[in-house]
>>> print(open('my_file-v6.tsv').read())   # TSV, C-alpha atoms
chain	number	residue	atom	x	y	z
A	1	MET	CA	-52.80	-4.89	-34.01
A	2	PRO	CA	-50.88	-8.16	-33.90
A	3	VAL	CA	-53.93	-10.05	-32.74
A	4	GLU	CA	-55.76	-9.52	-36.00
A	5	ARG	CA	-52.69	-10.46	-37.96
A	6	LEU	CA	-52.30	-13.71	-36.05
A	7	GLU	CA	-55.93	-14.63	-36.53
A	8	GLY	CA	-55.53	-16.20	-39.93
A	9	HIS	CA	-52.74	-18.53	-38.77
A	10	GLN	CA	-54.43	-19.81	-35.67
A	11	SER	CA	-57.56	-21.36	-36.97
A	12	GLY	CA	-60.22	-22.25	-34.47
A	13	ARG	CA	-59.50	-19.27	-32.18
A	14	SER	CA	-61.61	-16.23	-31.91
A	15	ALA	CA	-60.11	-12.74	-31.84
A	16	GLU	CA	-60.91	-12.61	-28.12
A	17	GLU	CA	-58.98	-15.81	-27.36
A	18	SER	CA	-56.00	-14.63	-29.37
A	19	ARG	CA	-55.90	-11.37	-27.40
A	20	GLU	CA	-55.86	-13.28	-24.10
A	21	GLU	CA	-53.06	-15.50	-25.36
A	22	PHE	CA	-51.02	-12.42	-26.29
A	23	GLU	CA	-51.47	-10.74	-22.93
A	24	ARG	CA	-50.40	-13.86	-21.03
A	25	GLY	CA	-47.02	-13.77	-22.76
A	26	LEU	CA	-46.40	-10.08	-22.02
A	27	LEU	CA	-44.12	-8.85	-19.22
A	28	MET	CA	-44.40	-5.29	-18.00
A	29	THR	CA	-41.50	-3.52	-16.26
A	30	THR	CA	-39.67	-0.22	-16.17
A	31	ILE	CA	-36.44	0.71	-17.85
A	32	ASP	CA	-34.93	1.32	-14.40
A	33	LYS	CA	-35.65	-2.18	-13.22
A	34	ALA	CA	-34.55	-3.85	-16.42
A	35	VAL	CA	-31.26	-1.98	-16.60
A	36	SER	CA	-30.52	-2.45	-12.89
A	37	TRP	CA	-31.12	-6.14	-13.29
A	38	ALA	CA	-28.74	-6.30	-16.23
A	39	ARG	CA	-26.07	-4.34	-14.35
A	40	LYS	CA	-26.35	-6.59	-11.35
A	41	GLN	CA	-26.07	-9.72	-13.45
A	42	SER	CA	-22.78	-8.77	-15.07
A	43	MET	CA	-20.42	-6.70	-12.92
A	44	TRP	CA	-16.83	-6.45	-14.00
A	45	PRO	CA	-14.44	-5.89	-11.12
A	46	VAL	CA	-11.16	-4.06	-11.59
A	47	THR	CA	-8.18	-5.81	-10.02
A	48	PHE	CA	-7.08	-3.83	-7.02
A	49	GLY	CA	-5.32	-6.31	-4.75
A	50	LEU	CA	-3.06	-4.55	-2.28
A	51	ALA	CA	-2.25	-7.10	0.43
A	52	CYS	CA	-3.30	-10.44	1.89
A	53	CYS	CA	-7.00	-9.68	1.21
A	54	ALA	CA	-6.09	-9.94	-2.47
A	55	ILE	CA	-5.24	-13.61	-1.96
A	56	GLU	CA	-8.75	-14.21	-0.63
A	57	MET	CA	-10.18	-12.17	-3.50
A	58	MET	CA	-8.28	-14.34	-5.98
A	59	ALA	CA	-9.57	-17.44	-4.22
A	60	THR	CA	-13.09	-16.04	-4.56
A	61	GLY	CA	-12.59	-15.69	-8.29
A	62	ALA	CA	-11.00	-19.12	-8.69
A	63	GLY	CA	-12.52	-22.56	-9.06
A	64	ASP	CA	-13.54	-23.45	-5.51
A	65	TYR	CA	-15.73	-20.40	-4.97
A	66	ASP	CA	-16.30	-19.43	-8.58
A	67	LEU	CA	-17.43	-15.83	-8.95
A	68	SER	CA	-18.59	-16.61	-12.47
A	69	ARG	CA	-21.76	-17.92	-10.89
A	70	TRP	CA	-22.73	-14.25	-10.77
A	71	GLY	CA	-21.07	-13.29	-14.04
A	72	MET	CA	-18.15	-11.67	-12.25
A	73	GLU	CA	-15.16	-13.84	-13.02
A	74	LEU	CA	-13.70	-11.35	-15.45
A	75	PHE	CA	-11.35	-9.23	-13.35
A	76	ARG	CA	-10.28	-6.40	-15.61
A	77	ALA	CA	-6.77	-5.02	-15.67
A	78	SER	CA	-8.10	-1.75	-17.09
A	79	PRO	CA	-10.37	0.46	-14.97
A	80	ARG	CA	-12.06	1.69	-18.15
A	81	GLN	CA	-13.65	-1.72	-18.60
A	82	ALA	CA	-14.77	-2.15	-15.00
A	83	ASP	CA	-17.67	-0.98	-12.86
A	84	LEU	CA	-16.68	-2.41	-9.48
A	85	MET	CA	-13.52	-1.75	-7.49
A	86	ILE	CA	-12.75	-4.22	-4.70
A	87	VAL	CA	-10.15	-2.47	-2.54
A	88	ALA	CA	-8.44	-5.54	-1.10
A	89	GLY	CA	-5.84	-4.58	1.47
A	90	ARG	CA	-4.29	-1.64	3.28
A	91	VAL	CA	-3.92	1.51	1.21
A	92	SER	CA	-0.63	3.28	1.82
A	93	GLN	CA	-0.52	7.06	1.76
A	94	LYS	CA	1.51	6.87	-1.40
A	95	MET	CA	-1.00	4.54	-3.05
A	96	ALA	CA	-3.93	6.87	-2.28
A	97	PRO	CA	-3.56	9.14	-5.35
A	98	VAL	CA	-3.16	6.06	-7.57
A	99	LEU	CA	-6.31	4.51	-6.15
A	100	ARG	CA	-8.28	7.68	-6.69
A	101	THR	CA	-7.00	7.98	-10.26
A	102	ILE	CA	-8.10	4.44	-11.04
A	103	TYR	CA	-11.49	5.15	-9.49
A	104	ASP	CA	-11.84	8.29	-11.59
A	105	GLN	CA	-10.96	6.34	-14.73
A	106	MET	CA	-13.80	3.88	-14.23
A	107	PRO	CA	-16.92	4.74	-16.26
A	108	GLU	CA	-20.20	5.51	-14.49
A	109	PRO	CA	-22.03	3.83	-12.89
A	110	LYS	CA	-19.44	2.38	-10.52
A	111	TRP	CA	-19.33	0.81	-7.09
A	112	VAL	CA	-16.67	0.21	-4.45
A	113	ILE	CA	-16.30	-2.64	-1.99
A	114	SER	CA	-13.92	-2.02	0.89
A	115	MET	CA	-12.56	-5.47	1.66
A	116	GLY	CA	-11.12	-6.15	5.11
A	117	VAL	CA	-10.52	-3.95	8.13
A	118	CYS	CA	-7.41	-2.27	6.72
A	119	ALA	CA	-9.26	-0.86	3.74
A	120	SER	CA	-12.26	-0.01	5.92
A	121	SER	CA	-10.53	1.80	8.79
A	122	GLY	CA	-6.78	1.30	8.60
A	123	GLY	CA	-7.12	-1.78	10.77
A	124	MET	CA	-4.13	-2.52	12.94
A	125	PHE	CA	-2.01	-0.06	10.96
A	126	THR	CA	-2.71	3.07	12.99
A	127	ASN	CA	0.47	4.65	11.72
A	128	TYR	CA	1.87	7.21	9.36
A	129	ALA	CA	2.08	4.88	6.36
A	130	VAL	CA	-1.51	3.73	5.90
A	131	VAL	CA	-4.69	5.60	4.96
A	132	GLN	CA	-7.17	5.32	7.82
A	133	GLY	CA	-10.09	4.03	5.79
A	134	VAL	CA	-10.38	4.08	2.03
A	135	ASP	CA	-13.69	5.94	2.40
A	136	THR	CA	-11.62	9.05	3.06
A	137	ILE	CA	-10.61	8.90	-0.61
A	138	VAL	CA	-13.43	7.23	-2.57
A	139	PRO	CA	-17.12	6.61	-1.77
A	140	VAL	CA	-17.64	3.07	-0.48
A	141	ASP	CA	-20.82	1.03	-0.99
A	142	ILE	CA	-20.10	-2.13	0.99
A	143	TYR	CA	-17.68	-2.73	3.86
A	144	VAL	CA	-16.59	-6.33	4.33
A	145	PRO	CA	-15.00	-6.88	7.77
A	146	GLY	CA	-12.36	-9.51	8.50
A	147	CYS	CA	-8.62	-9.86	8.53
A	148	PRO	CA	-8.68	-11.09	5.87
A	149	PRO	CA	-12.34	-11.93	5.11
A	150	LYS	CA	-12.99	-15.45	3.90
A	151	PRO	CA	-14.22	-15.81	0.32
A	152	GLU	CA	-17.70	-16.52	1.72
A	153	MET	CA	-17.67	-13.13	3.45
A	154	LEU	CA	-16.60	-11.36	0.28
A	155	MET	CA	-19.28	-13.21	-1.67
A	156	TYR	CA	-21.87	-12.15	0.90
A	157	GLY	CA	-20.71	-8.56	0.49
A	158	ILE	CA	-20.94	-8.90	-3.28
A	159	LEU	CA	-24.47	-10.32	-3.04
A	160	ARG	CA	-25.51	-7.43	-0.79
A	161	LEU	CA	-24.07	-5.07	-3.38
A	162	HIS	CA	-26.02	-6.88	-6.09
A	163	GLU	CA	-29.14	-6.36	-4.03
A	164	LYS	CA	-28.31	-2.68	-3.71
A	165	VAL	CA	-27.68	-2.31	-7.44
A	166	ARG	CA	-30.89	-4.14	-8.28
A	167	THR	CA	-33.12	-2.11	-5.99
A	168	GLU	CA	-31.63	1.37	-5.97
A	169	GLY	CA	-31.70	1.66	-9.74
A	170	ARG	CA	-32.27	4.92	-11.41
A	171	VAL	CA	-31.00	5.08	-14.94
A	172	LYS	CA	-29.43	8.37	-15.86
B	1	MET	CA	40.37	-13.34	10.23
B	2	ASN	CA	38.14	-13.85	13.25
B	3	VAL	CA	36.30	-11.07	15.02
B	4	THR	CA	39.02	-10.53	17.65
B	5	GLU	CA	41.70	-10.12	15.02
B	6	LEU	CA	39.35	-7.89	13.05
B	7	ALA	CA	38.74	-5.70	16.11
B	8	GLU	CA	42.47	-5.54	16.76
B	9	ARG	CA	43.17	-4.46	13.23
B	10	VAL	CA	40.41	-1.83	13.29
B	11	ARG	CA	41.61	-0.56	16.68
B	12	ARG	CA	44.92	0.40	15.14
B	13	LEU	CA	43.07	2.74	12.79
B	14	HIS	CA	40.32	3.91	15.15
B	15	PRO	CA	40.51	3.11	18.86
B	16	ASP	CA	36.84	3.03	19.88
B	17	VAL	CA	36.00	-0.60	19.03
B	18	VAL	CA	33.46	-2.77	20.84
B	19	VAL	CA	32.97	-6.50	20.32
B	20	ALA	CA	29.63	-7.86	21.45
B	21	ARG	CA	27.91	-11.13	20.52
B	22	GLY	CA	30.58	-11.85	17.97
B	23	GLU	CA	30.07	-8.56	16.14
B	24	ALA	CA	32.56	-5.72	15.93
B	25	THR	CA	31.44	-2.10	16.13
B	26	VAL	CA	33.57	0.98	15.84
B	27	LEU	CA	32.49	4.48	16.83
B	28	VAL	CA	33.98	7.30	14.82
B	29	ASP	CA	33.56	11.04	14.77
B	30	ARG	CA	31.67	12.49	11.84
B	31	ASP	CA	34.63	14.70	10.89
B	32	VAL	CA	36.72	11.63	10.15
B	33	LEU	CA	33.91	9.39	8.84
B	34	LEU	CA	34.91	9.58	5.19
B	35	ALA	CA	38.57	8.99	5.96
B	36	ALA	CA	37.69	6.07	8.24
B	37	LEU	CA	35.43	4.33	5.71
B	38	ARG	CA	38.03	4.86	3.02
B	39	ALA	CA	40.69	3.36	5.26
B	40	PHE	CA	38.52	0.34	6.12
B	41	ARG	CA	37.74	-0.19	2.45
B	42	ASP	CA	41.32	0.10	1.20
B	43	ASP	CA	43.16	-1.56	4.08
B	44	GLU	CA	45.03	-4.64	2.86
B	45	GLU	CA	43.79	-6.85	5.69
B	46	LEU	CA	40.27	-5.49	6.19
B	47	ARG	CA	39.11	-5.08	2.58
B	48	LEU	CA	35.63	-3.95	3.67
B	49	ASP	CA	34.54	-3.31	0.11
B	50	PHE	CA	30.77	-3.55	0.41
B	51	LEU	CA	28.40	-1.22	2.24
B	52	SER	CA	25.37	-3.40	2.89
B	53	SER	CA	23.23	-0.92	4.80
B	54	VAL	CA	22.95	2.62	6.12
B	55	THR	CA	20.41	3.36	8.81
B	56	ALA	CA	20.03	5.36	12.01
B	57	THR	CA	18.85	5.01	15.58
B	58	ASP	CA	17.15	7.64	17.71
B	59	TRP	CA	17.84	8.02	21.44
B	60	PRO	CA	15.86	10.99	22.75
B	61	GLY	CA	17.38	12.48	25.89
B	62	ARG	CA	20.83	11.16	25.14
B	63	ASP	CA	23.73	13.05	23.71
B	64	PRO	CA	24.36	12.39	20.90
B	65	ARG	CA	20.70	11.78	20.11
B	66	PHE	CA	21.17	10.13	16.71
B	67	ARG	CA	23.48	7.35	15.68
B	68	VAL	CA	23.96	6.77	11.97
B	69	VAL	CA	24.96	3.17	11.36
B	70	TYR	CA	27.01	1.85	8.43
B	71	GLU	CA	27.16	-1.92	7.96
B	72	LEU	CA	30.32	-2.86	6.09
B	73	SER	CA	31.22	-6.28	4.83
B	74	SER	CA	34.05	-7.80	2.87
B	75	THR	CA	33.20	-9.85	-0.18
B	76	GLU	CA	36.81	-10.98	-0.23
B	77	ARG	CA	37.51	-11.87	3.40
B	78	HIS	CA	33.95	-12.61	4.54
B	79	HIS	CA	33.89	-10.50	7.66
B	80	ARG	CA	31.76	-7.62	8.80
B	81	LEU	CA	32.18	-4.35	10.65
B	82	ARG	CA	29.63	-1.90	11.97
B	83	VAL	CA	30.52	1.79	11.96
B	84	LYS	CA	28.54	4.25	14.07
B	85	VAL	CA	28.55	8.03	14.03
B	86	GLY	CA	26.88	10.07	16.77
B	87	LEU	CA	24.97	13.21	15.79
B	88	PRO	CA	23.62	15.89	18.13
B	89	GLU	CA	19.90	16.71	18.11
B	90	ASP	CA	20.20	20.27	16.83
B	91	ASP	CA	22.76	19.46	14.15
B	92	ALA	CA	21.84	16.12	12.56
B	93	ARG	CA	24.16	16.38	9.60
B	94	VAL	CA	26.73	13.92	8.33
B	95	PRO	CA	28.83	13.80	5.16
B	96	SER	CA	27.43	11.58	2.42
B	97	VAL	CA	29.46	8.48	1.60
B	98	THR	CA	28.08	8.14	-1.93
B	99	GLY	CA	31.51	9.09	-3.25
B	100	LEU	CA	33.02	6.01	-1.61
B	101	PHE	CA	30.10	3.60	-1.96
B	102	PRO	CA	27.59	4.51	-4.70
B	103	THR	CA	25.13	2.05	-3.14
B	104	ALA	CA	24.73	4.47	-0.23
B	105	ASN	CA	22.59	6.71	-2.40
B	106	TRP	CA	19.16	5.19	-1.70
B	107	HIS	CA	20.12	4.07	1.81
B	108	GLU	CA	20.93	7.64	2.75
B	109	ARG	CA	17.74	8.90	1.15
B	110	GLU	CA	15.75	6.41	3.19
B	111	THR	CA	17.52	7.41	6.40
B	112	TYR	CA	16.83	11.04	5.57
B	113	ASP	CA	13.22	10.17	4.81
B	114	PHE	CA	12.54	8.55	8.18
B	115	PHE	CA	14.93	10.24	10.61
B	116	GLY	CA	15.59	13.63	9.04
B	117	VAL	CA	19.33	13.15	9.07
B	118	VAL	CA	20.87	15.38	6.41
B	119	PHE	CA	23.60	13.78	4.31
B	120	GLU	CA	25.76	16.60	3.06
B	121	GLY	CA	27.03	16.25	-0.49
B	122	HIS	CA	24.37	13.71	-1.44
B	123	PRO	CA	23.56	14.07	-5.17
B	124	ASN	CA	19.77	13.83	-4.76
B	125	LEU	CA	18.61	14.10	-1.17
B	126	ARG	CA	14.82	13.80	-1.55
B	127	ARG	CA	12.24	11.62	0.15
B	128	ILE	CA	12.29	8.13	-1.32
B	129	LEU	CA	9.47	6.10	0.27
B	130	LEU	CA	7.05	8.61	1.76
B	131	PRO	CA	5.00	10.82	-0.53
B	132	GLU	CA	6.61	14.10	-1.45
B	133	GLY	CA	5.34	16.93	0.68
B	134	TRP	CA	5.13	14.76	3.80
B	135	GLU	CA	5.83	16.70	6.98
B	136	GLY	CA	7.86	15.23	9.81
B	137	TRP	CA	10.19	12.28	10.32
B	138	PRO	CA	8.08	9.24	11.21
B	139	LEU	CA	10.73	6.96	12.74
B	140	ARG	CA	11.90	9.49	15.29
B	141	LYS	CA	10.88	8.36	18.76
B	142	THR	CA	9.25	11.72	19.42
B	143	GLU	CA	6.67	11.17	16.68
B	144	GLU	CA	3.19	10.27	17.90
B	145	LEU	CA	1.98	6.71	17.52
B	146	GLY	CA	-1.54	6.16	16.17
B	147	GLY	CA	-4.17	8.84	15.75
B	148	VAL	CA	-3.28	9.39	12.13
B	149	ASP	CA	-5.32	11.78	10.03
B	150	THR	CA	-5.74	11.73	6.28
B	151	ARG	CA	-4.70	14.71	4.19
B	152	TYR	CA	-5.64	14.29	0.61
B	153	HIS	CA	-5.95	16.90	-2.12
B	154	GLY	CA	-6.50	19.64	0.41
B	155	ALA	CA	-9.15	17.69	2.34
B	156	PHE	CA	-8.57	16.88	5.99
B	157	ILE	CA	-10.14	13.81	7.60
B	158	PRO	CA	-9.39	13.40	11.33
B	159	PRO	CA	-8.18	10.09	12.80
B	160	VAL	CA	-10.68	7.26	13.20
B	161	ASP	CA	-11.22	7.80	16.94
B	162	ARG	CA	-11.89	11.50	16.48
B	163	ARG	CA	-14.45	11.33	13.68
B	164	THR	CA	-17.87	12.49	14.76
B	165	SER	CA	-19.97	10.45	12.36
>>> encode(input="my_file-v6.tsv", output="structure tokens")
Amino acid sequence: MPVERLEGHQSGRSAEESREEFERGLLMTTIDKAVSWARKQSMWPVTFGLACCAIEMMATGAGDYDLSRWGMELFRASPRQADLMIVAGRVSQKMAPVLRTIYDQMPEPKWVISMGVCASSGGMFTNYAVVQGVDTIVPVDIYVPGCPPKPEMLMYGILRLHEKVRTEGRVK
Amino acid sequence: MNVTELAERVRRLHPDVVVARGEATVLVDRDVLLAALRAFRDDEELRLDFLSSVTATDWPGRDPRFRVVYELSSTERHHRLRVKVGLPEDDARVPSVTGLFPTANWHERETYDFFGVVFEGHPNLRRILLPEGWEGWPLRKTEELGGVDTRYHGAFIPPVDRRTS
């Protein structure tokens, strides 16, 4: 028992007082909550800029909007070091297998944000060249509307995702 | 050489020349296409030594339905000439000009990719921009607009307006 061990160093306190002191400094939680919190605090996005949305995504990561406030400024060039894919722009039919490969290369757990209407539904490109919604290829967690969305909108989507990661947590 | 002189010179080789908005266009038959382009390239006055583009147009209901368009220009004399070849709907084939202008290679592949015009004698006539295994010719006027489905790894997802959930 640590309480007994502490007793000799803290003269003037009874064993009962020392035990109370110890319990005040103790925080109880579950592994699920602790790990979810850690995941949420430090997401590493993979760069997947495809069109004009990517410009807004870059602006979100740069100085004015500063994604590093949420520990996210480190856009990885390798999917193996990332746990979030922000699909920023229209996905062409020819890009679809590439996108899926990159998604498959990301380690679990991983999340996807579909940024802008083109990624979400094909947007104005209802034609042969563009995939009609990236959710036909990979599972999507958050859809951010807009053409393109402002950095504030992307940040709102990211914060909603953080909330999802923090609360849904089940550690496998 | 201005466009009128250019048209006059071309007319001596092939009669069907039109000048509109300061641009000269000559229509030739596909049987003589190679000879015509060779003549335009090697002619002392024309010197049309650069093929800047190959494309096609689609006119459903007309005969010929397809027009393959060759944009020639002269790096030496700084003038341009457009050459058009009409192709019937049921026989959209034309000889490849890669032997005369190697730059035609990718242009012809792209035209094949989008219009389904077959360039006979092309060294590598495969799709160039669309994914391999694509069915249809998307820039033909008879292709549907919108309502695009997604086919991916054997899965079929209907177009956005026809999804139930």
>>> interface_residues(input="my_file-v6.tsv", of="chain A", to="chain B", cutoff="6 Å", atoms="all atoms listed in the file", output="PyMOL selection string")
chain A and resi 94+126-127
>>> axis_aligned_box(input="my_file-v6.tsv", around="segment 31-48 of chain A", padding_each_side="8 Å", output="JSON")
{"center_x": -21.8, "center_y": -4.2, "center_z": -12.4, "size_x": 45.4, "size_y": 27.0, "size_z": 26.8}
>>> atom_distance(input="my_file-v6.tsv", atom1="atom CA of Val54 of chain B", atom2="atom CA of Arg11 of chain B")
21.7 Å
>>> residues_around(input="my_file-v6.tsv", residues="Lys110 of chain A", least_positions_apart="6", cutoff="9 Å", atoms="all atoms listed in the file", output="list in words")
Ala82, Asp83, Leu84, Met85 and Tyr103 of chain A
>>> write_last_selection(input="my_file-v6.tsv", atoms="C-alpha atoms", output="short mmCIF file (atom, residue, chain, number, x, y, z; two decimals), in the frame of the given file")
data_model
loop_
_atom_site.label_atom_id
_atom_site.label_comp_id
_atom_site.auth_asym_id
_atom_site.auth_seq_id
_atom_site.Cartn_x
_atom_site.Cartn_y
_atom_site.Cartn_z
CA ALA A 82 -14.77 -2.15 -15.00
CA ASP A 83 -17.67 -0.98 -12.86
CA LEU A 84 -16.68 -2.41 -9.48
CA MET A 85 -13.52 -1.75 -7.49
CA TYR A 103 -11.49 5.15 -9.49
#
>>> atom_distance(input="my_file-v6.tsv", atom1="atom CA of Ala96 of chain A", atom2="atom CA of Met43 of chain A")
23.9 Å
>>> residues_around(input="my_file-v6.tsv", residues="segment 42-44 of chain B", least_positions_apart="6", cutoff="12 Å", atoms="all atoms listed in the file", output="list in words")
Leu6, Arg9, Val10, Arg12, Leu13, Ala35, Ala36, Phe50, Ser74, Glu76, Arg77 and Leu100 of chain B
>>> closest_residue(input="my_file-v6.tsv", among="A:Pro145, A:Gly12, A:Gly49, A:Pro109", to="Val35 of chain A", atoms="only C-alpha atoms")
A:Pro109
>>> residues_around(input="my_file-v6.tsv", residues="segment 149-156 of chain A", least_positions_apart="2", cutoff="12 Å", atoms="only C-alpha atoms", output="compact mmCIF listing (two decimals) with C-alpha atoms, in the frame of the given file")
# COMPACT_ATOMS: atom_id res chain seq x y z
CA CYS A 52 -3.30 -10.44 1.89
CA CYS A 53 -7.00 -9.68 1.21
CA ALA A 54 -6.09 -9.94 -2.47
CA ILE A 55 -5.24 -13.61 -1.96
CA GLU A 56 -8.75 -14.21 -0.63
CA MET A 57 -10.18 -12.17 -3.50
CA MET A 58 -8.28 -14.34 -5.98
CA ALA A 59 -9.57 -17.44 -4.22
CA THR A 60 -13.09 -16.04 -4.56
CA GLY A 61 -12.59 -15.69 -8.29
CA ALA A 62 -11.00 -19.12 -8.69
CA GLY A 63 -12.52 -22.56 -9.06
CA ASP A 64 -13.54 -23.45 -5.51
CA TYR A 65 -15.73 -20.40 -4.97
CA ASP A 66 -16.30 -19.43 -8.58
CA LEU A 67 -17.43 -15.83 -8.95
CA SER A 68 -18.59 -16.61 -12.47
CA ARG A 69 -21.76 -17.92 -10.89
CA TRP A 70 -22.73 -14.25 -10.77
CA MET A 72 -18.15 -11.67 -12.25
CA ILE A 86 -12.75 -4.22 -4.70
CA VAL A 87 -10.15 -2.47 -2.54
CA ALA A 88 -8.44 -5.54 -1.10
CA GLY A 89 -5.84 -4.58 1.47
CA ILE A 113 -16.30 -2.64 -1.99
CA SER A 114 -13.92 -2.02 0.89
CA MET A 115 -12.56 -5.47 1.66
CA GLY A 116 -11.12 -6.15 5.11
CA VAL A 117 -10.52 -3.95 8.13
CA CYS A 118 -7.41 -2.27 6.72
CA ALA A 119 -9.26 -0.86 3.74
CA SER A 120 -12.26 -0.01 5.92
CA ILE A 142 -20.10 -2.13 0.99
CA TYR A 143 -17.68 -2.73 3.86
CA VAL A 144 -16.59 -6.33 4.33
CA PRO A 145 -15.00 -6.88 7.77
CA GLY A 146 -12.36 -9.51 8.50
CA CYS A 147 -8.62 -9.86 8.53
CA ILE A 158 -20.94 -8.90 -3.28
CA LEU A 159 -24.47 -10.32 -3.04
CA ARG A 160 -25.51 -7.43 -0.79
CA LEU A 161 -24.07 -5.07 -3.38
CA HIS A 162 -26.02 -6.88 -6.09
CA GLU A 163 -29.14 -6.36 -4.03
>>> residues_around(input="my_file-v6.tsv", residues="segment 57-65 of chain B", least_positions_apart="6", cutoff="10 Å", atoms="all atoms listed in the file", output="PyMOL selection string")
chain B and resi 84-92+111+115+139-142
>>> residues_around(input="my_file-v6.tsv", residues="His79 of chain B", least_positions_apart="4", cutoff="8 Å", atoms="all atoms listed in the file", output="short mmCIF file (atom, residue, chain, number, x, y, z; two decimals) with C-alpha atoms, keeping the file's coordinate frame")
data_model
loop_
_atom_site.label_atom_id
_atom_site.label_comp_id
_atom_site.auth_asym_id
_atom_site.auth_seq_id
_atom_site.Cartn_x
_atom_site.Cartn_y
_atom_site.Cartn_z
CA MET B 1 40.37 -13.34 10.23
CA ASN B 2 38.14 -13.85 13.25
CA VAL B 3 36.30 -11.07 15.02
CA LEU B 48 35.63 -3.95 3.67
CA SER B 73 31.22 -6.28 4.83
CA SER B 74 34.05 -7.80 2.87
CA THR B 75 33.20 -9.85 -0.18
#
>>> atom_distance(input="my_file-v6.tsv", atom1="atom CA of Arg67 of chain B", atom2="atom CA of Arg93 of chain B")
10.9 Å
>>> decode(input="my_file-v6.tsv", residues="segment 90-108 of chain B", atoms="N, CA and C atoms", output="mmCIF file, in the first residue's frame")
data_model
loop_
_atom_site.group_PDB
_atom_site.id
_atom_site.type_symbol
_atom_site.label_atom_id
_atom_site.label_comp_id
_atom_site.auth_asym_id
_atom_site.auth_seq_id
_atom_site.Cartn_x
_atom_site.Cartn_y
_atom_site.Cartn_z
ATOM 1 N N ASP B 90 -21.426 3.567 -90.118
ATOM 2 C CA ASP B 90 -21.196 2.126 -89.957
ATOM 3 C C ASP B 90 -19.775 1.710 -90.344
ATOM 4 N N ASP B 91 -18.941 2.663 -90.712
ATOM 5 C CA ASP B 91 -17.595 2.312 -91.138
ATOM 6 C C ASP B 91 -16.639 3.434 -90.748
ATOM 7 N N ALA B 92 -16.537 3.684 -89.431
ATOM 8 C CA ALA B 92 -15.725 4.810 -88.947
ATOM 9 C C ALA B 92 -14.260 4.399 -88.866
ATOM 10 N N ARG B 93 -13.647 4.244 -90.028
ATOM 11 C CA ARG B 93 -12.247 3.870 -90.067
ATOM 12 C C ARG B 93 -11.500 4.848 -90.962
ATOM 13 N N VAL B 94 -10.268 5.123 -90.588
ATOM 14 C CA VAL B 94 -9.458 6.069 -91.352
ATOM 15 C C VAL B 94 -8.009 5.623 -91.224
ATOM 16 N N PRO B 95 -7.191 5.798 -92.258
ATOM 17 C CA PRO B 95 -5.792 5.392 -92.109
ATOM 18 C C PRO B 95 -5.053 6.270 -91.107
ATOM 19 N N SER B 96 -4.184 5.648 -90.329
ATOM 20 C CA SER B 96 -3.399 6.395 -89.346
ATOM 21 C C SER B 96 -2.330 7.223 -90.055
ATOM 22 N N VAL B 97 -2.088 8.432 -89.539
ATOM 23 C CA VAL B 97 -1.059 9.275 -90.148
ATOM 24 C C VAL B 97 0.222 9.282 -89.316
ATOM 25 N N THR B 98 0.350 8.297 -88.414
ATOM 26 C CA THR B 98 1.560 8.262 -87.579
ATOM 27 C C THR B 98 2.825 8.093 -88.405
ATOM 28 N N GLY B 99 2.706 7.499 -89.599
ATOM 29 C CA GLY B 99 3.882 7.355 -90.446
ATOM 30 C C GLY B 99 4.379 8.689 -90.966
ATOM 31 N N LEU B 100 3.451 9.643 -91.151
ATOM 32 C CA LEU B 100 3.847 10.967 -91.645
ATOM 33 C C LEU B 100 4.209 11.907 -90.495
ATOM 34 N N PHE B 101 3.373 11.877 -89.458
ATOM 35 C CA PHE B 101 3.576 12.744 -88.299
ATOM 36 C C PHE B 101 3.558 11.870 -87.045
ATOM 37 N N PRO B 102 4.710 11.542 -86.480
ATOM 38 C CA PRO B 102 4.718 10.689 -85.283
ATOM 39 C C PRO B 102 3.892 11.271 -84.131
ATOM 40 N N THR B 103 3.743 12.582 -84.098
ATOM 41 C CA THR B 103 2.975 13.200 -83.012
ATOM 42 C C THR B 103 1.506 12.800 -83.034
ATOM 43 N N ALA B 104 1.052 12.246 -84.155
ATOM 44 C CA ALA B 104 -0.353 11.849 -84.250
ATOM 45 C C ALA B 104 -0.682 10.670 -83.351
ATOM 46 N N ASN B 105 0.324 9.993 -82.859
ATOM 47 C CA ASN B 105 0.104 8.770 -82.101
ATOM 48 C C ASN B 105 -0.914 8.949 -80.976
ATOM 49 N N TRP B 106 -0.641 9.839 -80.034
ATOM 50 C CA TRP B 106 -1.524 10.011 -78.876
ATOM 51 C C TRP B 106 -2.809 10.728 -79.270
ATOM 52 N N HIS B 107 -2.715 11.644 -80.243
ATOM 53 C CA HIS B 107 -3.927 12.332 -80.703
ATOM 54 C C HIS B 107 -4.925 11.328 -81.263
ATOM 55 N N GLU B 108 -4.422 10.389 -82.036
ATOM 56 C CA GLU B 108 -5.325 9.400 -82.625
ATOM 57 C C GLU B 108 -5.872 8.461 -81.562
#
